[in-house]
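> Hey, dropping final38.txt in here, compact mmCIF, C-alpha atoms:
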```txt
# COMPACT_ATOMS: atom_id res chain seq x y z
CA MET F 1 82.88 92.74 87.99
CA LYS F 2 85.05 95.49 86.51
CA ASN F 3 88.60 96.71 86.91
CA ILE F 4 88.59 100.26 88.26
CA LEU F 5 91.65 102.51 88.07
CA ILE F 6 91.60 105.58 90.30
CA LEU F 7 93.94 108.45 89.40
CA ASN F 8 93.98 110.84 92.34
CA GLY F 9 95.50 114.21 91.50
CA SER F 10 95.00 115.69 94.95
CA PRO F 11 98.06 116.64 96.99
CA ARG F 12 96.14 115.70 100.17
CA LYS F 13 95.69 112.01 100.93
CA ASN F 14 93.00 112.60 103.54
CA GLY F 15 91.18 115.70 102.32
CA LYS F 16 87.67 116.29 101.04
CA THR F 17 88.45 114.90 97.60
CA ALA F 18 89.81 111.70 99.17
CA SER F 19 86.55 111.37 101.11
CA LEU F 20 84.60 111.24 97.83
CA MET F 21 87.06 108.70 96.46
CA LYS F 22 86.73 106.48 99.54
CA ALA F 23 82.95 106.58 99.23
CA LEU F 24 83.10 105.56 95.56
CA ILE F 25 85.44 102.69 96.48
CA GLU F 26 83.04 101.55 99.21
CA GLY F 27 80.19 101.42 96.70
CA ALA F 28 82.31 99.73 94.03
CA LYS F 29 83.41 97.01 96.43
CA GLU F 30 79.76 95.99 96.90
CA ASN F 31 79.97 94.44 93.41
CA ASN F 32 83.37 92.82 93.96
CA ASN F 33 85.07 95.18 91.51
CA GLU F 34 88.88 95.15 91.42
CA ILE F 35 90.33 98.52 92.34
CA LYS F 36 93.77 100.05 91.89
CA GLU F 37 94.43 103.58 93.05
CA HIS F 38 97.33 105.92 92.46
CA TYR F 39 98.13 109.12 94.35
CA ILE F 40 99.80 111.00 91.55
CA THR F 41 101.68 113.36 93.87
CA SER F 42 103.45 110.35 95.44
CA MET F 43 104.70 109.19 92.05
CA ASN F 44 107.61 110.35 89.94
CA ILE F 45 105.97 111.43 86.68
CA ASN F 46 107.72 113.77 84.27
CA SER F 47 105.91 116.19 81.99
CA CYS F 48 105.36 115.39 78.34
CA MET F 49 108.21 116.75 76.21
CA GLY F 50 105.98 117.23 73.14
CA CYS F 51 108.49 115.38 70.97
CA ASP F 52 105.75 113.49 69.05
CA SER F 53 107.86 110.30 69.02
CA CYS F 54 104.91 108.36 70.47
CA MET F 55 102.73 109.51 67.60
CA ILE F 56 105.34 108.83 64.93
CA THR F 57 106.55 105.42 66.12
CA GLN F 58 103.44 104.28 68.03
CA GLU F 59 105.81 102.49 70.41
CA GLY F 60 104.96 104.47 73.53
CA CYS F 61 106.69 107.29 75.31
CA VAL F 62 110.43 107.80 74.96
CA GLN F 63 110.62 108.71 78.65
CA LYS F 64 111.33 105.46 80.47
CA ASP F 65 112.76 106.71 83.75
CA ASP F 66 109.61 107.52 85.71
CA ASP F 67 106.47 105.93 87.17
CA MET F 68 104.24 106.52 84.16
CA ALA F 69 104.91 102.93 83.03
CA ILE F 70 102.83 101.80 86.03
CA ILE F 71 99.91 103.92 84.89
CA TYR F 72 100.24 102.71 81.30
CA ASP F 73 99.97 99.09 82.49
CA ASP F 74 97.01 99.90 84.72
CA MET F 75 95.25 101.77 81.92
CA THR F 76 95.44 98.61 79.82
CA TRP F 77 94.05 96.60 82.77
CA ALA F 78 91.22 99.03 83.59
CA ASP F 79 87.62 98.99 82.39
CA VAL F 80 86.77 102.17 84.31
CA VAL F 81 89.00 105.17 85.04
CA VAL F 82 88.11 107.49 87.93
CA PHE F 83 89.65 110.95 87.86
CA VAL F 84 89.89 112.50 91.32
CA SER F 85 91.02 116.09 91.75
CA PRO F 86 90.55 119.26 93.69
CA GLN F 87 89.86 122.22 91.48
CA PHE F 88 92.96 124.26 90.67
CA TRP F 89 92.44 127.44 88.64
CA GLY F 90 89.03 126.28 87.52
CA THR F 91 89.99 122.80 86.35
CA ILE F 92 91.89 119.65 87.37
CA SER F 93 95.14 119.79 89.32
CA GLY F 94 98.44 120.12 87.49
CA GLN F 95 99.47 116.72 88.80
CA LEU F 96 96.55 115.05 87.04
CA LYS F 97 97.02 117.17 83.90
CA VAL F 98 100.59 115.85 83.55
CA VAL F 99 99.17 112.30 83.56
CA PHE F 100 96.61 113.24 80.88
CA ASP F 101 99.36 114.69 78.71
CA ARG F 102 101.51 111.58 79.07
CA LEU F 103 98.57 109.26 78.29
CA PHE F 104 98.78 110.47 74.70
CA ALA F 105 101.65 108.00 74.22
CA TRP F 106 99.54 105.13 75.59
CA PHE F 107 96.65 105.95 73.23
CA ASN F 108 99.03 105.97 70.27
CA LYS F 109 100.60 102.66 71.30
CA VAL F 110 97.43 100.65 72.00
CA GLY F 111 95.38 102.33 69.29
CA TRP F 112 92.65 104.84 69.97
CA GLU F 113 89.92 102.35 69.05
CA ASN F 114 91.31 99.86 71.62
CA ALA F 115 91.40 102.39 74.42
CA ARG F 116 87.67 102.74 75.10
CA LYS F 117 86.83 103.05 78.79
CA GLU F 118 84.11 104.15 81.13
CA SER F 119 84.97 107.07 83.40
CA VAL F 120 83.99 109.05 86.48
CA LEU F 121 85.01 112.51 87.68
CA LEU F 122 85.17 113.36 91.39
CA MET F 123 86.07 116.95 92.34
CA THR F 124 85.99 119.38 95.22
CA ALA F 125 86.63 123.11 95.33
CA ARG F 126 86.41 126.11 97.61
CA GLY F 127 83.72 127.58 95.38
CA ASP F 128 80.90 126.04 93.40
CA ASP F 129 81.77 126.84 89.79
CA TYR F 130 83.00 123.65 88.14
CA SER F 131 82.18 124.71 84.59
CA MET F 132 85.76 124.70 83.23
CA ALA F 133 86.51 121.30 84.79
CA VAL F 134 83.26 119.80 83.53
CA ASP F 135 83.92 121.20 80.05
CA PHE F 136 87.41 119.65 80.06
CA TYR F 137 86.09 116.28 81.23
CA SER F 138 83.17 116.32 78.76
CA LEU F 139 85.41 117.20 75.82
CA LEU F 140 87.91 114.54 76.82
CA SER F 141 85.19 111.87 77.17
CA ARG F 142 83.65 112.77 73.83
CA PHE F 143 87.02 112.93 72.05
CA LEU F 144 88.06 109.53 73.41
CA GLY F 145 84.66 107.92 72.96
CA TRP F 146 84.51 107.09 76.66
CA GLU F 147 81.24 106.50 78.49
CA ASP F 148 80.73 108.94 81.37
CA LEU F 149 79.34 107.06 84.38
CA GLY F 150 78.87 110.25 86.37
CA THR F 151 80.39 113.20 88.11
CA VAL F 152 80.37 114.25 91.73
CA LEU F 153 81.22 117.90 92.24
CA GLY F 154 81.63 119.22 95.76
CA ALA F 155 82.54 118.20 99.26
CA GLY F 156 79.99 116.38 101.38
CA ARG F 157 78.54 114.38 98.48
CA GLU F 158 79.81 111.01 99.61
CA GLU F 159 76.42 109.33 99.12
CA GLU F 160 76.43 110.36 95.45
CA ALA F 161 79.96 109.00 95.02
CA LYS F 162 79.02 105.76 96.77
CA ALA F 163 75.99 105.35 94.50
CA ILE F 164 78.12 105.79 91.37
CA GLY F 165 80.56 103.21 92.73
CA ALA F 166 77.72 100.80 93.50
CA GLY F 167 76.46 101.22 89.95
CA ILE F 168 79.70 99.92 88.45
CA LYS F 169 79.11 96.24 87.64
```
Written as structure tokens, that's how I'd like the structure from this file.


Amino acid sequence: MKNILILNGSPRKNGKTASLMKALIEGAKENNNEIKEHYITSMNINSCMGCDSCMITQEGCVQKDDDMAIIYDDMTWADVVVFVSPQFWGTISGQLKVVFDRLFAWFNKVGWENARKESVLLMTARGDDYSMAVDFYSLLSRFLGWEDLGTVLGAGREEEAKAIGAGIK
């Protein structure tokens, strides 16, 4: 059994991207995995200020007045992180990008070597060119030393998402 954190950067709670997420959850529940999900657009998360305080002090982010503290706690809890996003301008949504930027403080606080995770990317788009998003995700996974459990790119691929979820044990 694993702890799975889902970070959904879609502005639509019941759209095509959410359908992939629900399928992954269905598969993951087959193995009694614990699941926490966050709809980023429903949370109050401020942008990173680029002050570097988190890097200098390694005490976390200086911004304490938003919901990012919830995500920091859940990142510590999680074994697997699932990134869910529609494609905006060729890559992940701005909502999810803000979370990525703010996670820099968490990595500095817990230590990069202690922040190893497994991850999944679920995306939908109007078109079929996911190359920029896949490049971003691949670079991020490699940089962080995370194990990629799979990607599902495109609407109507719920069976693929369910199979990835079922493979998380």

> Find the residues around Leu149 (chain F) up to 8 Å (all atoms listed in the file counted), leave out those fewer than 4 positions away in its own chain, and share them as a ChimeraX atom specification.

/F:118-120,164

> Just want the 10 Å neighbourhood of Val80 (chain F), counted on all atoms listed in the file, with same-chain residues fewer than 5 positions away dropped. Output as a list of chain:residue names.

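The contact residues come out as F:Lys2, F:Asn3, F:Ile4, F:Leu5, F:Ile6, F:Ile35, F:Met75, F:Arg116, F:Lys117, F:Glu118, F:Ser119, F:Val120, F:Trp146, F:Glu147, F:Asp148, F:Leu149, F:Ile168.
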
> Output C-alpha atoms for every residue in that selection, as a short mmCIF file (atom, residue, chain, number, x, y, z; two decimals), in the coordinates of the input.


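New file part-v4.cif:
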```
data_model
loop_
_atom_site.label_atom_id
_atom_site.label_comp_id
_atom_site.auth_asym_id
_atom_site.auth_seq_id
_atom_site.Cartn_x
_atom_site.Cartn_y
_atom_site.Cartn_z
CA LYS F 2 85.05 95.49 86.51
CA ASN F 3 88.60 96.71 86.91
CA ILE F 4 88.59 100.26 88.26
CA LEU F 5 91.65 102.51 88.07
CA ILE F 6 91.60 105.58 90.30
CA ILE F 35 90.33 98.52 92.34
CA MET F 75 95.25 101.77 81.92
CA ARG F 116 87.67 102.74 75.10
CA LYS F 117 86.83 103.05 78.79
CA GLU F 118 84.11 104.15 81.13
CA SER F 119 84.97 107.07 83.40
CA VAL F 120 83.99 109.05 86.48
CA TRP F 146 84.51 107.09 76.66
CA GLU F 147 81.24 106.50 78.49
CA ASP F 148 80.73 108.94 81.37
CA LEU F 149 79.34 107.06 84.38
CA ILE F 168 79.70 99.92 88.45
#
```

> From the options F:Lys13, F:His38, F:Arg157, F:Arg142, which residue's atoms come nearest to Phe83 (chain F), counting only C-alpha atoms?

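With only C-alpha atoms as the atom set, the closest residue is F:His38.
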
> Nearest to Tyr130 (chain F): which of F:Arg102, F:Trp89, F:Cys54, F:Leu96 is it, counting only C-alpha atoms?

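Among F:Arg102, F:Trp89, F:Cys54, F:Leu96, it is F:Trp89 that comes nearest to Tyr130 (chain F).
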
> What is the distance, in Å and to one decimal place, between CA of Val98 (chain F) and CA of Lys64 (chain F)?

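Interatomic distance, CA of Val98 (chain F) to CA of Lys64 (chain F): 15.3 Å.
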
> Mind checking which residues fall within 8 Å of Asn108 (chain F), counting all atoms listed in the file, ignoring those fewer than 3 positions away in the same chain, and posting them as a PyMOL selection string?

chain F and resi 54-55+58-60+104-105+111-112
